[in-house]
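> Below is the file coords26.pdb, which contains PDB, C-alpha atoms, pLDDT in the B column.
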ATOM      1  CA  MET T   1      94.104  88.686  85.648  1.00 84.00           C
ATOM      2  CA  ASP T   2      92.044  90.566  83.107  1.00 95.00           C
ATOM      3  CA  PHE T   3      91.220  94.160  84.100  1.00 98.00           C
ATOM      4  CA  THR T   4      90.824  97.599  82.576  1.00 98.00           C
ATOM      5  CA  ILE T   5      91.715 101.063  83.838  1.00 98.00           C
ATOM      6  CA  ARG T   6      89.452 103.894  82.717  1.00 98.00           C
ATOM      7  CA  ALA T   7      88.361 107.388  83.668  1.00 98.00           C
ATOM      8  CA  ALA T   8      85.749 107.457  86.410  1.00 98.00           C
ATOM      9  CA  SER T   9      82.256 108.606  85.488  1.00 98.00           C
ATOM     10  CA  LEU T  10      79.328 109.994  87.448  1.00 97.00           C
ATOM     11  CA  GLU T  11      77.839 106.489  87.507  1.00 98.00           C
ATOM     12  CA  ASP T  12      80.916 105.196  89.359  1.00 98.00           C
ATOM     13  CA  CYS T  13      80.368 107.393  92.429  1.00 98.00           C
ATOM     14  CA  LYS T  14      78.382 104.731  94.299  1.00 98.00           C
ATOM     15  CA  ASP T  15      81.262 102.266  93.930  1.00 98.00           C
ATOM     16  CA  ILE T  16      83.897 104.914  94.690  1.00 98.00           C
ATOM     17  CA  ALA T  17      82.030 105.774  97.913  1.00 98.00           C
ATOM     18  CA  ARG T  18      81.948 102.054  98.795  1.00 98.00           C
ATOM     19  CA  MET T  19      85.674 101.663  98.175  1.00 98.00           C
ATOM     20  CA  ILE T  20      86.477 104.849 100.137  1.00 98.00           C
ATOM     21  CA  ARG T  21      84.733 103.243 103.129  1.00 97.00           C
ATOM     22  CA  GLU T  22      86.672  99.997 102.547  1.00 96.00           C
ATOM     23  CA  LEU T  23      89.961 101.923 102.400  1.00 95.00           C
ATOM     24  CA  ALA T  24      89.095 103.785 105.608  1.00 95.00           C
ATOM     25  CA  GLU T  25      88.330 100.459 107.330  1.00 94.00           C
ATOM     26  CA  PHE T  26      91.687  99.079 106.158  1.00 92.00           C
ATOM     27  CA  GLU T  27      93.424 102.200 107.495  1.00 91.00           C
ATOM     28  CA  ARG T  28      91.410 101.923 110.743  1.00 90.00           C
ATOM     29  CA  VAL T  29      89.913 105.419 110.396  1.00 92.00           C
ATOM     30  CA  GLU T  30      86.392 104.710 109.113  1.00 93.00           C
ATOM     31  CA  GLU T  31      84.899 107.194 111.598  1.00 95.00           C
ATOM     32  CA  HIS T  32      86.634 110.023 109.704  1.00 93.00           C
ATOM     33  CA  VAL T  33      84.824 109.434 106.390  1.00 96.00           C
ATOM     34  CA  LYS T  34      82.257 112.186 105.860  1.00 96.00           C
ATOM     35  CA  VAL T  35      82.099 112.229 102.046  1.00 97.00           C
ATOM     36  CA  THR T  36      78.934 110.815 100.501  1.00 97.00           C
ATOM     37  CA  GLN T  37      78.098 109.541  97.051  1.00 98.00           C
ATOM     38  CA  ARG T  38      76.347 112.850  96.402  1.00 98.00           C
ATOM     39  CA  ASP T  39      79.468 114.801  97.459  1.00 98.00           C
ATOM     40  CA  LEU T  40      81.534 112.765  95.015  1.00 98.00           C
ATOM     41  CA  GLU T  41      79.024 113.415  92.240  1.00 98.00           C
ATOM     42  CA  GLN T  42      79.077 117.173  92.871  1.00 98.00           C
ATOM     43  CA  ASP T  43      82.776 117.557  93.590  1.00 98.00           C
ATOM     44  CA  GLY T  44      84.127 115.335  90.839  1.00 98.00           C
ATOM     45  CA  PHE T  45      81.694 115.836  87.996  1.00 97.00           C
ATOM     46  CA  SER T  46      80.720 119.504  88.070  1.00 95.00           C
ATOM     47  CA  LYS T  47      81.870 122.242  85.688  1.00 95.00           C
ATOM     48  CA  ASN T  48      85.007 122.818  87.810  1.00 95.00           C
ATOM     49  CA  PRO T  49      85.786 119.480  89.479  1.00 97.00           C
ATOM     50  CA  PHE T  50      87.806 119.364  92.689  1.00 97.00           C
ATOM     51  CA  PHE T  51      89.170 115.911  91.821  1.00 98.00           C
ATOM     52  CA  HIS T  52      89.498 113.399  89.004  1.00 98.00           C
ATOM     53  CA  GLY T  53      89.325 109.649  89.261  1.00 98.00           C
ATOM     54  CA  ILE T  54      90.156 106.425  87.514  1.00 98.00           C
ATOM     55  CA  ILE T  55      88.570 103.020  88.002  1.00 98.00           C
ATOM     56  CA  ALA T  56      89.971  99.488  87.818  1.00 98.00           C
ATOM     57  CA  GLU T  57      87.324  97.097  86.539  1.00 98.00           C
ATOM     58  CA  VAL T  58      87.228  93.363  85.948  1.00 98.00           C
ATOM     59  CA  PRO T  59      84.976  91.456  83.523  1.00 97.00           C
ATOM     60  CA  GLU T  60      81.642  90.166  84.791  1.00 96.00           C
ATOM     61  CA  GLN T  61      82.980  86.594  85.091  1.00 96.00           C
ATOM     62  CA  GLN T  62      85.630  87.811  87.588  1.00 96.00           C
ATOM     63  CA  LYS T  63      83.266  89.877  89.764  1.00 95.00           C
ATOM     64  CA  THR T  64      83.381  89.608  93.543  1.00 95.00           C
ATOM     65  CA  LYS T  65      81.011  87.367  95.475  1.00 94.00           C
ATOM     66  CA  GLU T  66      79.046  90.572  96.268  1.00 95.00           C
ATOM     67  CA  GLY T  67      78.735  91.248  92.533  1.00 96.00           C
ATOM     68  CA  HIS T  68      81.248  94.097  92.176  1.00 97.00           C
ATOM     69  CA  THR T  69      83.192  94.539  88.949  1.00 98.00           C
ATOM     70  CA  LYS T  70      84.685  97.898  89.995  1.00 98.00           C
ATOM     71  CA  ILE T  71      87.491  96.668  92.211  1.00 98.00           C
ATOM     72  CA  GLY T  72      89.911  99.585  92.551  1.00 98.00           C
ATOM     73  CA  TYR T  73      90.250 103.310  92.096  1.00 98.00           C
ATOM     74  CA  ALA T  74      92.561 106.289  92.361  1.00 98.00           C
ATOM     75  CA  LEU T  75      91.525 109.872  93.030  1.00 98.00           C
ATOM     76  CA  TYR T  76      93.865 112.698  92.067  1.00 98.00           C
ATOM     77  CA  PHE T  77      93.963 116.450  91.557  1.00 98.00           C
ATOM     78  CA  TYR T  78      96.382 118.958  90.167  1.00 98.00           C
ATOM     79  CA  SER T  79      98.353 121.290  92.405  1.00 97.00           C
ATOM     80  CA  TYR T  80     101.304 123.610  92.143  1.00 96.00           C
ATOM     81  CA  SER T  81     104.738 123.676  93.709  1.00 94.00           C
ATOM     82  CA  SER T  82     106.338 127.094  94.029  1.00 95.00           C
ATOM     83  CA  TRP T  83     109.688 125.355  93.522  1.00 92.00           C
ATOM     84  CA  LYS T  84     108.889 122.759  90.864  1.00 94.00           C
ATOM     85  CA  GLY T  85     105.741 123.966  89.099  1.00 97.00           C
ATOM     86  CA  ARG T  86     102.870 121.676  88.131  1.00 98.00           C
ATOM     87  CA  SER T  87     102.180 118.672  90.329  1.00 97.00           C
ATOM     88  CA  VAL T  88      99.642 115.903  90.565  1.00 98.00           C
ATOM     89  CA  TYR T  89      98.479 114.744  93.985  1.00 97.00           C
ATOM     90  CA  MET T  90      97.157 111.202  94.341  1.00 98.00           C
ATOM     91  CA  GLU T  91      94.659 111.338  97.187  1.00 97.00           C
ATOM     92  CA  ASP T  92      93.700 107.654  97.168  1.00 97.00           C
ATOM     93  CA  LEU T  93      94.989 104.461  95.609  1.00 97.00           C
ATOM     94  CA  TYR T  94      92.908 101.408  96.505  1.00 97.00           C
ATOM     95  CA  VAL T  95      92.464  97.861  95.277  1.00 97.00           C
ATOM     96  CA  MET T  96      90.078  95.441  96.978  1.00 97.00           C
ATOM     97  CA  PRO T  97      92.046  92.874  99.052  1.00 95.00           C
ATOM     98  CA  GLU T  98      91.203  89.833  96.903  1.00 95.00           C
ATOM     99  CA  PHE T  99      92.604  91.597  93.811  1.00 97.00           C
ATOM    100  CA  ARG T 100      95.895  92.798  95.300  1.00 95.00           C
ATOM    101  CA  GLY T 101      99.223  91.489  94.033  1.00 94.00           C
ATOM    102  CA  LYS T 102      97.966  91.243  90.449  1.00 96.00           C
ATOM    103  CA  GLY T 103      99.386  94.509  89.065  1.00 96.00           C
ATOM    104  CA  ILE T 104      96.179  96.526  89.433  1.00 97.00           C
ATOM    105  CA  GLY T 105      97.557  99.019  91.967  1.00 96.00           C
ATOM    106  CA  LYS T 106     100.657  99.521  89.834  1.00 97.00           C
ATOM    107  CA  ALA T 107      98.458 100.076  86.769  1.00 98.00           C
ATOM    108  CA  LEU T 108      96.334 102.650  88.621  1.00 98.00           C
ATOM    109  CA  MET T 109      99.388 104.528  89.896  1.00 97.00           C
ATOM    110  CA  SER T 110     101.015 104.351  86.474  1.00 97.00           C
ATOM    111  CA  LYS T 111      97.900 105.867  84.905  1.00 98.00           C
ATOM    112  CA  VAL T 112      97.912 108.753  87.403  1.00 98.00           C
ATOM    113  CA  ALA T 113     101.588 109.321  86.548  1.00 98.00           C
ATOM    114  CA  GLN T 114     100.790 109.265  82.810  1.00 98.00           C
ATOM    115  CA  LEU T 115      97.942 111.755  83.256  1.00 98.00           C
ATOM    116  CA  GLY T 116     100.178 114.010  85.343  1.00 97.00           C
ATOM    117  CA  LEU T 117     102.954 113.967  82.748  1.00 97.00           C
ATOM    118  CA  ALA T 118     100.438 114.650  79.963  1.00 98.00           C
ATOM    119  CA  ALA T 119      99.270 117.719  81.947  1.00 98.00           C
ATOM    120  CA  GLY T 120     102.848 118.995  82.257  1.00 98.00           C
ATOM    121  CA  CYS T 121     103.380 117.899  85.857  1.00 98.00           C
ATOM    122  CA  ASN T 122     106.866 117.046  87.046  1.00 97.00           C
ATOM    123  CA  GLN T 123     106.038 115.393  90.345  1.00 97.00           C
ATOM    124  CA  LEU T 124     103.520 112.987  91.844  1.00 97.00           C
ATOM    125  CA  ASN T 125     102.773 113.479  95.533  1.00 96.00           C
ATOM    126  CA  PHE T 126     100.815 111.275  97.947  1.00 96.00           C
ATOM    127  CA  THR T 127     100.845 110.097 101.544  1.00 94.00           C
ATOM    128  CA  VAL T 128     101.054 106.635 103.034  1.00 94.00           C
ATOM    129  CA  LEU T 129     100.570 105.499 106.608  1.00 91.00           C
ATOM    130  CA  ASP T 130     103.796 104.753 108.452  1.00 90.00           C
ATOM    131  CA  TRP T 131     102.603 101.270 109.513  1.00 92.00           C
ATOM    132  CA  ASN T 132     101.656 100.199 105.973  1.00 93.00           C
ATOM    133  CA  LYS T 133     104.972  98.481 105.215  1.00 94.00           C
ATOM    134  CA  SER T 134     103.781  96.630 102.112  1.00 92.00           C
ATOM    135  CA  SER T 135     102.638  99.900 100.504  1.00 94.00           C
ATOM    136  CA  LEU T 136     105.798 101.735 101.590  1.00 94.00           C
ATOM    137  CA  ASP T 137     107.927  98.967 100.088  1.00 94.00           C
ATOM    138  CA  PHE T 138     105.893  99.062  96.873  1.00 94.00           C
ATOM    139  CA  TYR T 139     106.225 102.845  96.501  1.00 95.00           C
ATOM    140  CA  LEU T 140     109.956 102.737  97.229  1.00 94.00           C
ATOM    141  CA  SER T 141     110.343  99.980  94.603  1.00 94.00           C
ATOM    142  CA  GLN T 142     108.732 102.321  92.075  1.00 94.00           C
ATOM    143  CA  GLY T 143     111.414 104.974  92.653  1.00 94.00           C
ATOM    144  CA  CYS T 144     109.370 107.105  95.061  1.00 95.00           C
ATOM    145  CA  PHE T 145     111.003 108.579  98.162  1.00 94.00           C
ATOM    146  CA  ASP T 146     109.847 109.675 101.597  1.00 93.00           C
ATOM    147  CA  VAL T 147     109.825 113.488 101.613  1.00 92.00           C
ATOM    148  CA  THR T 148     109.540 113.540 105.411  1.00 90.00           C
ATOM    149  CA  ALA T 149     112.699 111.482 105.819  1.00 86.00           C
ATOM    150  CA  ALA T 150     114.614 113.032 102.900  1.00 87.00           C
ATOM    151  CA  MET T 151     113.698 116.703 103.311  1.00 88.00           C
ATOM    152  CA  GLY T 152     112.249 116.990 106.818  1.00 89.00           C
ATOM    153  CA  TYR T 153     108.783 118.190 105.794  1.00 88.00           C
ATOM    154  CA  HIS T 154     105.686 117.310 107.764  1.00 85.00           C
ATOM    155  CA  CYS T 155     102.225 117.173 106.248  1.00 86.00           C
ATOM    156  CA  MET T 156     100.078 119.582 108.296  1.00 88.00           C
ATOM    157  CA  ARG T 157      96.312 120.026 108.487  1.00 87.00           C
ATOM    158  CA  CYS T 158      93.848 122.526 109.920  1.00 92.00           C
ATOM    159  CA  GLU T 159      90.166 121.557 110.112  1.00 90.00           C
ATOM    160  CA  GLY T 160      86.914 121.984 111.991  1.00 92.00           C
ATOM    161  CA  GLU T 161      86.816 124.675 114.664  1.00 95.00           C
ATOM    162  CA  ALA T 162      90.504 125.439 114.199  1.00 95.00           C
ATOM    163  CA  LEU T 163      89.905 126.143 110.500  1.00 95.00           C
ATOM    164  CA  GLU T 164      86.904 128.335 111.343  1.00 96.00           C
ATOM    165  CA  HIS T 165      89.012 130.242 113.868  1.00 95.00           C
ATOM    166  CA  LEU T 166      91.906 130.612 111.430  1.00 95.00           C
ATOM    167  CA  ALA T 167      89.539 132.040 108.804  1.00 96.00           C
ATOM    168  CA  GLN T 168      88.485 134.895 111.096  1.00 95.00           C
ATOM    169  CA  PRO T 169      90.016 138.253 110.083  1.00 93.00           C
TER     170      PRO T 169
END
Would you mind giving the structure from this file in structure tokens?

Amino acid sequence: MDFTIRAASLEDCKDIARMIRELAEFERVEEHVKVTQRDLEQDGFSKNPFFHGIIAEVPEQQKTKEGHTKIGYALYFYSYSSWKGRSVYMEDLYVMPEFRGKGIGKALMSKVAQLGLAAGCNQLNFTVLDWNKSSLDFYLSQGCFDVTAAMGYHCMRCEGEALEHLAQP
């Protein structure tokens, strides 16, 4: 399979938004997606971006029946560990179903790892759903480990009204 991995551009936001919706459908949480193409444009391509992205693209002759050549993506951002220092967090890793099993997901993840190492990061963090056995197996085969199982951490979140309440002095 012929494909390229490249940095995402402002022009890719329409396709990234499409693939975010596809990923949410796969994860059975499509009702939680609130981000729009415009949000992606502002948040990823402003003076101080909140995220970075990479795109997997196939040649025109391998496009999908819907006409898509952008068939996968990864979104990531830099963070900091008070114990380990610089980190890269991979928010999303997605490849359209008909292109899975061809090394594209591995290439995307590898590129995020390369970018993290180039930025001085010493760890790559991400989450995966507990029922997604094929992804869990893939990540484990790449030398990743489950922090929840190994260290007992839980990923916590505060949002909506609870976040508003928490922000009150």
> As an exercise, work out the distance from CA of Val35 in chain T to CA of Ile55 in chain T in Å and give it to one decimal place.
18.0 Å
> Name the residues that the PyMOL selection byres ((chain T and resi 41) around 9) pulls out of this structure, and write them as a PyMOL selection string.
chain T and resi 9-14+36-40+42-46
> Which residue is closest to Ala7 in chain T? Choose from T:Gln62, T:Asn48, T:Leu108, T:Pro97 and count all atoms listed in the file.
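Nearest to Ala7 in chain T: T:Leu108.
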> Take the PyMOL selection byres ((chain T and resi 86) around 12), run it mentally on this structure, and tell me the resulting residues as a PyMOL selection string.
chain T and resi 77-85+87-89+116-125
> Once the PyMOL selection byres ((chain T and resi 99) around 10) is applied to the coordinates I shared, what remains selected? I want it as a list of chain:residue names.
T:Met1, T:Val58, T:Thr64, T:Ile71, T:Gly72, T:Val95, T:Met96, T:Pro97, T:Glu98, T:Arg100, T:Gly101, T:Lys102, T:Gly103, T:Ile104, T:Gly105
